[in-house]
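Encoded as structure tokens, the structure appears first; notes follow it.
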Amino acid sequence: MGIGTRIFLIDENDSIHRISMARYNRMTNPNSDERFTQYAGKRVRYAMIFLEVEKRKPLSVVRTEYYYLPFDGEGRIDSTEQEKQLRLSSQIVPPIFEEQGPKKVLDAQSRFAKKRYKHEFQWTPNQEIETAIMTAIFGKNMAP
């Protein structure tokens, strides 16, 4: 057994479109010319589903992640927005070395960053989208 990944782009009318992991990797590589011209200038929802697989057949869902992908005017991933997302995600982790001594002020920066990150970069699917994704992965009558 192992872990597999399925990636789906979800358009404005809630249609799902699976893309390969190789294409996703090319798309997110800043040095790549991979383009999705149909999404030029848009912020598109996507789902990344991690699966337990055996002989390349999905057995169960291990984890689901729902994010937005920002595209520039040419249909490539907007590197400025990706950098903004990376910077904000680094603020979520609280400092490793904390000051010694009693604290009088609560440092809530990481909590605020997490809330902002979730608001700006993540989304929650409705039941129809979740069902469509599970059907695409497991087949009509095999969704867990």
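Here's how to read the names in the structure tokens: chain A, B, ... by the order shown, residue numbers from 1 in each chain, ligand numbers from 1 in the order shown.
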**Item:** 12 Å contact set for Tyr46 in chain A, only C-alpha atoms, chain neighbours under 6 positions out, as a list in words
**Value:**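 Here the qualifying residues turn out to be Arg6, Ile7, Phe8, Leu9, Ile10, Asp11, Glu12, Asp14, Ser15, Ile16, His17, Arg18, Ile19, Tyr24, Thr64, Glu65, Tyr66, Tyr67, Tyr68, Leu69, Pro70, Phe121, Gln122, Trp123, Thr124, Pro125, Ile129, Glu130 and Ile133 of chain A.
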Would you mind exporting C-alpha atoms of the selected residues as an mmCIF file, in the first residue's frame?
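Produced file result12.cif, reproduced below:
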```
data_model
loop_
_atom_site.group_PDB
_atom_site.id
_atom_site.type_symbol
_atom_site.label_atom_id
_atom_site.label_comp_id
_atom_site.auth_asym_id
_atom_site.auth_seq_id
_atom_site.Cartn_x
_atom_site.Cartn_y
_atom_site.Cartn_z
ATOM 1 C CA ARG A 6 -5.575 13.312 -7.143
ATOM 2 C CA ILE A 7 -5.897 16.966 -8.115
ATOM 3 C CA PHE A 8 -9.052 18.594 -9.409
ATOM 4 C CA LEU A 9 -9.665 22.123 -10.648
ATOM 5 C CA ILE A 10 -13.193 23.366 -9.982
ATOM 6 C CA ASP A 11 -14.576 26.016 -12.331
ATOM 7 C CA GLU A 12 -17.230 28.694 -11.764
ATOM 8 C CA ASP A 14 -18.762 23.722 -10.010
ATOM 9 C CA SER A 15 -17.562 21.358 -12.764
ATOM 10 C CA ILE A 16 -14.501 19.366 -11.757
ATOM 11 C CA HIS A 17 -11.526 18.744 -14.023
ATOM 12 C CA ARG A 18 -8.818 16.316 -13.003
ATOM 13 C CA ILE A 19 -5.230 17.192 -13.825
ATOM 14 C CA TYR A 24 0.308 20.254 -11.496
ATOM 15 C CA THR A 64 -8.381 16.496 1.593
ATOM 16 C CA GLU A 65 -7.164 20.035 0.999
ATOM 17 C CA TYR A 66 -9.090 22.800 -0.730
ATOM 18 C CA TYR A 67 -7.205 25.882 -1.920
ATOM 19 C CA TYR A 68 -7.327 28.658 -4.491
ATOM 20 C CA LEU A 69 -4.914 28.909 -7.416
ATOM 21 C CA PRO A 70 -4.346 32.427 -8.735
ATOM 22 C CA PHE A 121 -6.369 30.870 0.432
ATOM 23 C CA GLN A 122 -8.719 28.044 1.425
ATOM 24 C CA TRP A 123 -12.325 27.222 0.627
ATOM 25 C CA THR A 124 -14.928 24.694 1.750
ATOM 26 C CA PRO A 125 -16.680 22.530 -0.844
ATOM 27 C CA ILE A 129 -18.633 19.060 -5.261
ATOM 28 C CA GLU A 130 -17.448 16.544 -2.654
ATOM 29 C CA ILE A 133 -14.857 14.365 -6.586
#
```
**Request:** Pick out the residues sitting within 12 Å of Asn31 in chain A, and hand them over as a list in words; count only C-alpha atoms, and ignore anything fewer than 3 positions along from it in its own chain.
**Result:**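 My reading of the contact set: Asn25, Arg26, Met27, Thr28, Glu34, Arg35, Arg76, Ile77, Asp78 and Ser79 of chain A.
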**DSSP-assigned strand (DSSP E or B) among chain A, expressed as an MDAnalysis selection string** = chainID A and resid 2:10 16:19 43:54 57:71 77 122
Report as CSV the residues of range 24-131 of chain A within 12 Å of range 137-141 of chain A, each with its shortest atom pair and distance in Å (one decimal), using only C-alpha atoms, ordered by chain and increasing residue number.
```
residue,atom,partner,partner_atom,distance
A:Met48,CA,A:Ile137,CA,11.7
A:Ile49,CA,A:Ile137,CA,9.3
A:Phe50,CA,A:Ile137,CA,10.8
A:Leu51,CA,A:Ile137,CA,9.4
A:Glu52,CA,A:Ile137,CA,11.7
A:Val53,CA,A:Ile137,CA,11.2
A:Arg56,CA,A:Ile137,CA,11.5
A:Lys57,CA,A:Phe138,CA,8.7
A:Pro58,CA,A:Phe138,CA,6.8
A:Leu59,CA,A:Phe138,CA,8.2
A:Ser60,CA,A:Phe138,CA,8.8
A:Val61,CA,A:Ile137,CA,9.6
A:Glu130,CA,A:Ile137,CA,10.7
A:Thr131,CA,A:Lys140,CA,9.6
```
Selected residues written out, C-alpha atoms, as a PDB file, in the first residue's frame:
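Final output, out-v2.pdb:
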```pdb
ATOM      1  CA  MET A  48      -5.903  17.989  -3.571  1.00  0.00           C
ATOM      2  CA  ILE A  49      -6.967  14.568  -2.345  1.00  0.00           C
ATOM      3  CA  PHE A  50      -4.477  12.207  -0.701  1.00  0.00           C
ATOM      4  CA  LEU A  51      -5.470   8.557  -0.985  1.00  0.00           C
ATOM      5  CA  GLU A  52      -4.406   5.230   0.344  1.00  0.00           C
ATOM      6  CA  VAL A  53      -3.741   3.165  -2.776  1.00  0.00           C
ATOM      7  CA  ARG A  56      -2.600   2.241  -8.134  1.00  0.00           C
ATOM      8  CA  LYS A  57      -6.225   1.661  -7.107  1.00  0.00           C
ATOM      9  CA  PRO A  58      -7.654   4.085  -4.528  1.00  0.00           C
ATOM     10  CA  LEU A  59      -8.813   2.439  -1.308  1.00  0.00           C
ATOM     11  CA  SER A  60      -9.658   5.358   0.972  1.00  0.00           C
ATOM     12  CA  VAL A  61      -9.212   9.079   1.482  1.00  0.00           C
ATOM     13  CA  GLU A 130     -17.448  16.544  -2.654  1.00  0.00           C
ATOM     14  CA  THR A 131     -19.705  13.873  -4.164  1.00  0.00           C
TER      15      THR A 131
END
```
